[in-house]
file data.csv (CSV, C-alpha atoms)
chain,number,residue,atom,x,y,z
N,16,MET,CA,35.8,172.2,-63.3
N,17,ALA,CA,34.5,174.0,-60.2
N,18,GLY,CA,32.6,170.9,-59.3
N,19,GLY,CA,35.8,168.8,-59.6
N,20,ARG,CA,37.6,171.2,-57.3
N,21,LYS,CA,34.9,171.0,-54.7
N,22,GLN,CA,35.0,167.2,-54.8
N,23,LEU,CA,38.8,167.2,-54.4
N,24,ARG,CA,38.5,169.6,-51.4
N,25,SER,CA,35.9,167.3,-49.7
N,26,VAL,CA,38.1,164.2,-50.3
N,27,SER,CA,41.1,166.1,-48.9
N,28,THR,CA,39.1,167.3,-45.8
N,29,GLY,CA,37.8,163.7,-45.3
N,30,LEU,CA,41.4,162.4,-45.4
N,31,LYS,CA,42.6,165.0,-42.9
N,32,TRP,CA,39.7,164.2,-40.5
N,33,GLN,CA,40.4,160.5,-40.9
N,34,SER,CA,44.1,161.0,-40.4
N,35,PHE,CA,43.5,163.0,-37.2
N,36,HIS,CA,41.2,160.2,-35.8
N,37,SER,CA,43.7,157.6,-36.8
N,38,ILE,CA,46.6,159.3,-34.9
N,39,LYS,CA,44.3,159.9,-31.9
N,40,SER,CA,43.3,156.2,-31.8
N,41,HIS,CA,46.9,155.1,-32.0
N,42,THR,CA,48.0,157.4,-29.2
N,43,ALA,CA,45.0,156.9,-26.9
N,44,GLY,CA,46.0,153.6,-25.6
N,45,ARG,CA,49.7,154.3,-25.1
N,46,LYS,CA,51.4,154.6,-21.7
N,47,PRO,CA,52.0,158.2,-20.7
N,48,LEU,CA,55.7,159.1,-20.8
N,49,PRO,CA,57.4,159.6,-17.5
N,50,GLY,CA,58.6,163.0,-16.5
N,51,PRO,CA,62.3,163.9,-16.1
N,52,ILE,CA,64.0,162.6,-12.9
N,53,THR,CA,66.2,164.5,-10.5
N,54,LEU,CA,69.6,163.4,-9.2
N,55,MET,CA,68.1,162.5,-5.9
N,56,GLN,CA,65.4,160.3,-7.5
N,57,LEU,CA,68.1,158.6,-9.5
N,58,GLY,CA,70.1,157.9,-6.4
N,59,ILE,CA,67.1,156.5,-4.6
N,60,MET,CA,66.4,154.3,-7.7
N,61,LEU,CA,69.9,152.9,-7.7
N,62,LEU,CA,69.9,152.4,-3.9
N,63,MET,CA,66.6,150.5,-4.1
N,64,HIS,CA,67.9,148.4,-7.0
N,65,VAL,CA,70.9,147.3,-5.0
N,66,CYS,CA,68.7,146.6,-1.9
N,67,ARG,CA,66.4,144.5,-4.0
N,68,LYS,CA,69.2,142.5,-5.4
N,69,ILE,CA,70.3,141.7,-1.8
N,70,VAL,CA,67.0,141.0,-0.2
N,71,LEU,CA,64.9,139.5,-3.0
N,72,ILE,CA,67.0,136.3,-3.5
N,73,LYS,CA,64.8,133.2,-3.5
N,74,PRO,CA,64.7,132.0,0.2
N,75,GLU,CA,65.2,128.4,-1.1
N,76,LYS,CA,68.6,129.3,-2.5
N,77,LYS,CA,69.6,131.2,0.6
N,78,VAL,CA,68.6,128.1,2.7
N,79,CYS,CA,71.1,126.1,0.8
N,80,VAL,CA,73.8,128.8,1.3
N,81,TYR,CA,73.1,129.0,5.0
N,82,THR,CA,73.2,125.2,5.5
N,83,GLY,CA,76.5,125.0,3.5
N,84,VAL,CA,78.0,127.9,5.6
N,85,VAL,CA,77.0,126.3,8.9
N,86,PHE,CA,78.4,122.9,7.8
N,87,PHE,CA,81.7,123.8,6.2
N,88,ALA,CA,82.6,126.7,8.6
N,89,SER,CA,81.8,124.4,11.6
N,90,LEU,CA,84.0,121.7,10.0
N,91,ILE,CA,86.9,124.1,9.8
N,92,CYS,CA,86.3,125.3,13.4
N,93,ASP,CA,85.9,121.8,14.9
N,94,PHE,CA,89.0,120.2,13.3
N,95,LEU,CA,91.4,123.1,12.4
N,96,PRO,CA,92.5,126.0,14.7
N,97,PHE,CA,91.0,129.2,13.3
N,98,PRO,CA,92.6,132.5,14.1
N,99,LYS,CA,90.9,134.4,16.9
N,100,THR,CA,89.4,137.8,15.9
N,101,TYR,CA,87.2,140.5,17.4
N,102,PHE,CA,84.2,138.4,16.5
N,103,SER,CA,85.4,135.4,18.5
N,104,ARG,CA,84.9,137.3,21.7
N,105,GLU,CA,81.4,136.8,23.3
N,106,ASP,CA,81.5,140.3,24.7
N,107,ASN,CA,82.1,142.0,21.3
N,108,PHE,CA,79.8,145.0,20.6
N,109,MET,CA,77.9,143.4,17.7
N,110,ASN,CA,77.1,140.3,19.7
N,111,GLN,CA,76.0,142.1,22.9
N,112,TYR,CA,73.9,144.8,21.3
N,113,PHE,CA,72.7,143.3,18.0
N,114,VAL,CA,72.7,139.5,18.0
N,115,LYS,CA,71.5,139.0,21.5
N,116,LEU,CA,68.7,141.5,20.7
N,117,GLY,CA,68.4,140.2,17.2
N,118,TRP,CA,64.7,139.4,17.3
N,119,GLY,CA,63.9,142.8,18.8
N,120,TRP,CA,65.7,144.6,16.0
N,121,THR,CA,64.1,142.4,13.3
N,122,LEU,CA,60.7,142.7,14.8
N,123,LEU,CA,60.8,146.5,15.0
N,124,VAL,CA,62.0,147.1,11.5
N,125,VAL,CA,59.9,144.4,9.7
N,126,THR,CA,56.7,145.3,11.6
N,127,VAL,CA,57.0,148.9,10.5
N,128,PHE,CA,57.5,147.7,6.9
N,129,VAL,CA,54.6,145.3,7.0
N,130,TYR,CA,52.3,147.8,8.6
N,131,LEU,CA,53.1,150.6,6.0
N,132,THR,CA,52.9,148.3,2.9
N,133,SER,CA,49.7,146.7,4.1
N,134,ARG,CA,48.1,150.1,4.7
N,135,VAL,CA,48.6,150.7,1.0
N,136,TYR,CA,47.7,147.4,-0.7
N,137,CYS,CA,44.8,146.8,1.7
N,138,CYS,CA,43.5,150.3,1.2
N,139,ASN,CA,43.5,151.0,5.0
N,140,ASP,CA,41.3,147.9,5.7
N,141,LEU,CA,42.1,147.4,9.4
N,142,VAL,CA,41.0,143.7,9.4
N,143,LEU,CA,43.4,142.8,6.6
N,144,ILE,CA,46.2,145.0,8.0
N,145,ARG,CA,45.9,143.1,11.4
N,146,LYS,CA,46.1,139.8,9.6
N,147,HIS,CA,49.4,140.7,7.8
N,148,VAL,CA,50.9,142.1,11.0
N,149,SER,CA,49.9,138.9,12.9
N,150,ARG,CA,52.6,137.0,10.9
N,151,LEU,CA,55.1,138.9,13.1
N,152,LEU,CA,53.2,137.8,16.3
N,153,VAL,CA,53.5,134.2,15.0
N,154,GLY,CA,57.2,134.7,14.5
N,155,THR,CA,57.6,136.1,18.0
N,156,LEU,CA,55.8,133.1,19.5
N,157,VAL,CA,58.0,130.7,17.5
N,158,TRP,CA,61.2,132.6,18.6
N,159,PHE,CA,60.2,132.5,22.3
N,160,CYS,CA,59.1,128.8,22.3
N,161,PHE,CA,62.2,127.5,20.6
N,162,THR,CA,64.8,129.6,22.5
N,163,SER,CA,63.1,128.5,25.7
N,164,LEU,CA,63.1,124.9,24.6
N,165,PHE,CA,66.9,125.1,23.7
N,166,GLU,CA,67.6,126.5,27.2
N,167,TYR,CA,65.6,123.6,28.8
N,168,ILE,CA,67.4,121.0,26.8
N,169,GLU,CA,70.8,122.4,27.8
N,170,VAL,CA,69.9,122.5,31.5
N,171,TRP,CA,68.4,118.9,31.3
N,172,THR,CA,71.5,117.5,29.6
N,173,ALA,CA,74.3,119.5,31.2
N,174,GLU,CA,76.5,119.0,34.2
N,175,CYS,CA,79.5,120.8,35.7
N,176,GLN,CA,82.8,119.0,34.6
N,177,MET,CA,84.9,118.8,37.8
N,178,LYS,CA,88.0,116.9,38.8
N,179,GLY,CA,87.6,114.7,41.8
N,180,GLN,CA,84.6,114.6,44.2
N,181,GLY,CA,83.6,117.9,45.7
N,182,LYS,CA,80.7,120.3,45.8
N,183,LYS,CA,78.4,120.0,42.7
N,184,TYR,CA,77.5,123.2,40.9
N,185,LYS,CA,74.0,122.9,39.4
N,186,THR,CA,74.0,126.1,37.3
N,187,LYS,CA,76.1,127.4,34.5
N,188,ASP,CA,77.1,130.6,36.2
N,189,SER,CA,78.2,129.0,39.5
N,190,CYS,CA,80.1,126.3,37.6
N,191,ARG,CA,82.0,128.8,35.4
N,192,GLU,CA,82.6,131.1,38.4
N,193,TYR,CA,84.8,128.5,40.0
N,194,GLY,CA,86.7,127.8,36.8
N,195,TYR,CA,84.9,124.6,35.7
N,196,LYS,CA,83.3,123.7,32.4
N,197,TRP,CA,79.5,123.5,32.0
N,198,MET,CA,78.9,120.7,29.4
N,199,GLY,CA,75.6,119.9,27.8
N,200,PHE,CA,73.8,119.8,24.5
N,201,ASP,CA,73.6,123.6,23.9
N,202,ILE,CA,71.7,124.0,20.6
N,203,SER,CA,72.9,127.1,18.9
N,204,GLY,CA,70.2,129.7,19.6
N,205,HIS,CA,72.2,132.3,17.6
N,206,THR,CA,72.2,130.1,14.5
N,207,PHE,CA,68.5,129.6,14.8
N,208,LEU,CA,67.7,133.2,15.4
N,209,LEU,CA,70.0,134.7,12.7
N,210,ILE,CA,68.7,132.3,9.9
N,211,TYR,CA,65.1,132.7,11.0
N,212,CYS,CA,65.4,136.5,11.0
N,213,CYS,CA,67.0,136.5,7.5
N,214,LEU,CA,64.3,134.3,6.0
N,215,ILE,CA,61.5,136.4,7.5
N,216,ILE,CA,63.2,139.6,6.1
N,217,MET,CA,63.4,138.0,2.6
N,218,GLU,CA,59.8,136.8,2.7
N,219,GLU,CA,58.3,140.0,4.0
N,220,GLY,CA,60.5,142.1,1.7
N,221,LYS,CA,58.7,140.7,-1.3
N,222,CYS,CA,56.1,143.4,-0.9
N,223,ILE,CA,58.5,145.9,-2.5
N,224,ILE,CA,58.3,144.1,-5.9
N,225,GLY,CA,56.0,146.0,-8.1
N,226,TRP,CA,55.7,149.0,-5.7
N,227,GLU,CA,56.4,151.6,-8.4
N,228,ARG,CA,53.9,150.0,-10.7
N,229,ILE,CA,51.2,150.7,-8.1
N,230,GLY,CA,51.9,154.4,-8.6
N,231,GLU,CA,51.7,154.1,-12.4
N,232,LEU,CA,48.4,152.3,-12.2
N,233,ILE,CA,47.0,155.0,-9.9
N,234,VAL,CA,47.9,157.7,-12.4
N,235,ARG,CA,46.6,155.7,-15.4
N,236,ASN,CA,43.4,154.3,-13.7
N,237,ASP,CA,40.9,156.8,-15.2
N,238,GLU,CA,42.2,156.5,-18.7
N,239,PHE,CA,42.9,152.7,-18.7
N,240,GLU,CA,40.0,151.5,-16.5
N,241,ASP,CA,39.3,148.3,-18.4
N,242,ASP,CA,42.8,147.0,-18.1
N,243,SER,CA,43.7,148.1,-14.6
N,244,PRO,CA,43.8,145.7,-11.6
N,245,LEU,CA,42.4,148.6,-9.6
N,246,LYS,CA,39.1,148.6,-11.4
N,247,THR,CA,37.6,146.3,-8.6
N,248,LEU,CA,38.2,149.0,-6.0
N,249,SER,CA,35.4,151.3,-4.8
N,250,GLU,CA,35.8,155.1,-4.9
N,251,GLN,CA,36.5,155.2,-1.2
N,252,GLN,CA,39.1,152.4,-1.5
N,253,MET,CA,40.7,154.1,-4.5
N,254,SER,CA,40.9,157.4,-2.5
N,255,GLU,CA,42.5,155.6,0.4
N,256,LEU,CA,45.0,153.9,-1.9
N,257,LYS,CA,46.1,157.2,-3.5
N,258,LYS,CA,46.5,158.9,-0.2
N,259,SER,CA,48.3,156.0,1.5
N,260,TYR,CA,50.7,155.4,-1.4
N,261,GLU,CA,51.7,159.0,-1.7
N,262,GLN,CA,52.1,159.3,2.1
N,263,PHE,CA,53.9,156.1,3.0
N,264,THR,CA,56.1,155.3,0.0
N,265,PRO,CA,59.2,157.3,1.3
N,266,TYR,CA,58.9,155.5,4.6
N,267,VAL,CA,58.4,152.1,2.9
N,268,ARG,CA,61.7,152.6,1.0
N,269,PHE,CA,63.5,153.7,4.1
N,270,THR,CA,62.5,150.7,6.1
N,271,PHE,CA,63.3,148.4,3.2
N,272,VAL,CA,66.9,149.8,3.2
N,273,LEU,CA,67.0,149.2,7.0
N,274,MET,CA,65.9,145.6,6.4
N,275,THR,CA,68.7,145.2,3.9
N,276,VAL,CA,71.3,146.5,6.4
N,277,LEU,CA,69.9,144.0,9.0
N,278,LEU,CA,70.1,141.1,6.6
N,279,LEU,CA,73.7,141.9,5.8
N,280,LEU,CA,74.5,142.2,9.4
N,281,TRP,CA,72.8,138.9,10.3
N,282,ASP,CA,74.7,137.2,7.5
N,283,VAL,CA,78.1,138.4,8.8
N,284,MET,CA,77.2,137.4,12.4
N,285,LEU,CA,76.0,134.0,11.2
N,286,MET,CA,79.5,133.4,9.7
N,287,ALA,CA,81.1,134.5,13.0
N,288,THR,CA,78.8,132.1,14.9
N,289,ALA,CA,79.6,129.2,12.5
N,290,LEU,CA,83.3,129.8,13.0
N,291,TYR,CA,83.7,130.5,16.7
N,292,PHE,CA,80.8,129.2,18.8
N,293,HIS,CA,79.1,125.8,19.5
N,294,ASN,CA,79.9,122.5,17.7
N,295,MET,CA,78.7,121.4,14.3
N,296,VAL,CA,75.8,119.3,15.5
N,297,GLN,CA,74.5,122.1,17.8
N,298,LYS,CA,74.6,124.6,14.9
N,299,LEU,CA,73.0,122.2,12.4
N,300,VAL,CA,70.1,121.6,14.8
N,301,GLY,CA,69.6,125.3,15.1
N,302,ASN,CA,69.8,125.7,11.3
N,303,THR,CA,67.3,122.8,10.8
N,304,VAL,CA,64.8,124.3,13.3
N,305,ALA,CA,64.9,127.7,11.6
N,306,VAL,CA,64.5,126.4,8.1
N,307,GLY,CA,61.7,123.9,9.2
N,308,THR,CA,59.8,126.7,10.9
N,309,TRP,CA,60.1,129.0,7.9
N,310,PHE,CA,58.9,126.2,5.6
N,311,VAL,CA,55.9,125.2,7.8
N,312,THR,CA,54.7,128.8,8.0
N,313,TYR,CA,55.5,130.6,4.7
N,314,ARG,CA,55.3,127.5,2.4
N,315,LEU,CA,52.5,125.6,4.0
N,316,TRP,CA,50.3,127.4,6.6
N,317,TYR,CA,50.2,130.9,5.0
N,318,GLN,CA,49.1,129.4,1.7
N,319,VAL,CA,45.8,128.4,3.4
N,320,LYS,CA,42.8,130.6,3.5
N,321,GLN,CA,42.3,130.5,7.3
N,322,SER,CA,45.8,131.9,8.0
N,323,PRO,CA,47.5,135.4,8.2
N,324,GLY,CA,48.1,135.0,4.5
N,325,LEU,CA,51.1,135.8,2.4
N,326,PRO,CA,52.8,139.2,2.1
N,327,GLY,CA,51.4,141.4,-0.7
N,328,PHE,CA,47.9,140.0,-0.9
N,329,GLY,CA,45.3,142.7,-0.4
N,330,LEU,CA,42.2,144.2,-1.9
N,331,PHE,CA,43.4,144.4,-5.5
N,332,ASN,CA,45.5,141.9,-7.5
N,333,TYR,CA,48.8,142.9,-6.1
N,334,HIS,CA,50.4,139.5,-6.8
N,335,ASP,CA,49.9,140.2,-10.6
N,336,LEU,CA,51.6,143.5,-10.3
N,337,GLN,CA,54.5,141.8,-8.6
N,338,THR,CA,55.0,139.2,-11.3
N,339,ARG,CA,54.8,141.8,-14.0
N,340,GLN,CA,57.5,144.0,-12.5
N,341,VAL,CA,60.8,143.7,-14.3
N,342,MET,CA,63.6,143.6,-11.7
call {"tool": "encode", "arguments": {"input": "data.csv", "output": "structure tokens"}}
result
Amino acid sequence: MAGGRKQLRSVSTGLKWQSFHSIKSHTAGRKPLPGPITLMQLGIMLLMHVCRKIVLIKPEKKVCVYTGVVFFASLICDFLPFPKTYFSREDNFMNQYFVKLGWGWTLLVVTVFVYLTSRVYCCNDLVLIRKHVSRLLVGTLVWFCFTSLFEYIEVWTAECQMKGQGKKYKTKDSCREYGYKWMGFDISGHTFLLIYCCLIIMEEGKCIIGWERIGELIVRNDEFEDDSPLKTLSEQQMSELKKSYEQFTPYVRFTFVLMTVLLLLWDVMLMATALYFHNMVQKLVGNTVAVGTWFVTYRLWYQVKQSPGLPGFGLFNYHDLQTRQVM
């Protein structure tokens, strides 16, 4: 009888030990549960969600929208009298201090965003960071060359429309000063600039996809080493990633919100340009140049190895993190 009890005890102990190991093995591979969030964190999450919905539209879809807006708004403006508003004045505040300086505003905000995000996913590798920032230098060169070309075409094709024979005015300012019209093929630089800025914001903003998942992987890296995309990083690179992610994430979010504000502002000003300035052909040419430049750079050139590369490609497989993120 005593021997039977001992045998039962040993079986029971074995079952308990087996049960403990079974529970441990089931929980070991599970994702750690997130801690409670504060109201401020919830507000930031909601704000970022809204900003993502605005910025992270596929550029191809937005290109179709922009082309349609330019075409149909121009059609209305060219053939039907459209009511004058504050935005129809060339000297309105938004036109003078934002649109005319549009590339400067876009360059400032997007460069900060690209620099901060690349510091994280490139683990402070200066060579890679410079490559990513160089996309904005390419954009600046494109902006300067095309706006200069548009001005040259206007001067080359324009003349002062005067009644009768008299003194000929060879510049736009002198012609308008005396009440005459300066007529030439004036390609809409504003249409080009606004659409090009919007497309760059949408392309560069893609780095925000999967951003929170980087933080999760940093926390889980030691426990889930085999399955983590960060396993290819050295200890030094991992240390730089942790430090940069924690340090720059608030500023990354802030600049992304600023990019969203700029995108909305450029969309509004594009509508005003389409309704009140230039003719349809001039605006469609500006639209075509902006879309063509975006396509050649982001869809063709940046796909090649010997190029500045696409946003989000760094020392670890950040592209996979992006595609896994549920928006």
call {"tool": "atom_distance", "arguments": {"input": "data.csv", "atom1": "CA of Ser103 in chain N", "atom2": "CA of Thr172 in chain N"}}
result
25.2 Å
call {"tool": "atom_distance", "arguments": {"input": "data.csv", "atom1": "CA of Thr132 in chain N", "atom2": "CA of Pro326 in chain N"}}
result
9.1 Å
call {"tool": "atom_distance", "arguments": {"input": "data.csv", "atom1": "CA of Lys298 in chain N", "atom2": "CA of Cys213 in chain N"}}
result
15.9 Å
call {"tool": "residues_around", "arguments": {"input": "data.csv", "residues": "Gly204 in chain N", "least_positions_apart": "4", "cutoff": "10 Å", "atoms": "all atoms listed in the file", "output": "number ranges by chain"}}
result
N: 115, 158, 161-166, 208-209, 293, 297-298, 300-302, 304-305
call {"tool": "residues_around", "arguments": {"input": "data.csv", "residues": "range 136-147 of chain N", "least_positions_apart": "3", "cutoff": "6 Å", "atoms": "only C-alpha atoms", "output": "list of chain:residue names"}}
result
N:Ser133, N:Arg150, N:Gln252, N:Glu255, N:Leu256, N:Pro323, N:Gly329, N:Leu330
call {"tool": "write_last_selection", "arguments": {"input": "data.csv", "atoms": "C-alpha atoms", "output": "PDB file, keeping the file's coordinate frame"}}
result
ATOM      1  CA  SER N 133      49.700 146.700   4.100  1.00  0.00           C
ATOM      2  CA  ARG N 150      52.600 137.000  10.900  1.00  0.00           C
ATOM      3  CA  GLN N 252      39.100 152.400  -1.500  1.00  0.00           C
ATOM      4  CA  GLU N 255      42.500 155.600   0.400  1.00  0.00           C
ATOM      5  CA  LEU N 256      45.000 153.900  -1.900  1.00  0.00           C
ATOM      6  CA  PRO N 323      47.500 135.400   8.200  1.00  0.00           C
ATOM      7  CA  GLY N 329      45.300 142.700  -0.400  1.00  0.00           C
ATOM      8  CA  LEU N 330      42.200 144.200  -1.900  1.00  0.00           C
TER       9      LEU N 330
END
call {"tool": "residues_near_point", "arguments": {"input": "data.csv", "point": "(63.4, 136.7, 7.0)", "cutoff": "12 Å", "atoms": "all atoms listed in the file", "output": "MDAnalysis selection string"}}
result
chainID N and resid 70:75 77:78 117:118 121:122 124:126 150:151 154 207:221 274:275 277:279 281:282 305:306 308:310 312:313 326
call {"tool": "closest_residue", "arguments": {"input": "data.csv", "among": "N:Leu116, N:His205, N:Leu245, N:Arg268", "to": "Met286 in chain N", "atoms": "all atoms listed in the file"}}
result
N:His205
call {"tool": "residues_around", "arguments": {"input": "data.csv", "residues": "Glu105 in chain N", "least_positions_apart": "3", "cutoff": "12 Å", "atoms": "all atoms listed in the file", "output": "list in words"}}
result
Lys99, Thr100, Tyr101, Phe102, Phe108, Met109, Asn110, Gln111, Tyr112, Val114, Lys115, His205, Met284, Ala287, Thr288, Tyr291, Phe292 and His293 of chain N
call {"tool": "write_last_selection", "arguments": {"input": "data.csv", "atoms": "C-alpha atoms", "output": "short mmCIF file (atom, residue, chain, number, x, y, z; two decimals), in the frame of the given file"}}
result
data_model
loop_
_atom_site.label_atom_id
_atom_site.label_comp_id
_atom_site.auth_asym_id
_atom_site.auth_seq_id
_atom_site.Cartn_x
_atom_site.Cartn_y
_atom_site.Cartn_z
CA LYS N 99 90.90 134.40 16.90
CA THR N 100 89.40 137.80 15.90
CA TYR N 101 87.20 140.50 17.40
CA PHE N 102 84.20 138.40 16.50
CA PHE N 108 79.80 145.00 20.60
CA MET N 109 77.90 143.40 17.70
CA ASN N 110 77.10 140.30 19.70
CA GLN N 111 76.00 142.10 22.90
CA TYR N 112 73.90 144.80 21.30
CA VAL N 114 72.70 139.50 18.00
CA LYS N 115 71.50 139.00 21.50
CA HIS N 205 72.20 132.30 17.60
CA MET N 284 77.20 137.40 12.40
CA ALA N 287 81.10 134.50 13.00
CA THR N 288 78.80 132.10 14.90
CA TYR N 291 83.70 130.50 16.70
CA PHE N 292 80.80 129.20 18.80
CA HIS N 293 79.10 125.80 19.50
#
call {"tool": "residues_around", "arguments": {"input": "data.csv", "residues": "Ile229 in chain N", "least_positions_apart": "4", "cutoff": "10 Å", "atoms": "all atoms listed in the file", "output": "list in words"}}
result
Val135, Tyr136, Ile224, Gly225, Ile233, Val234, Arg235, Pro244, Leu245, Leu256, Lys257, Tyr260, Tyr333, Leu336 and Gln337 of chain N
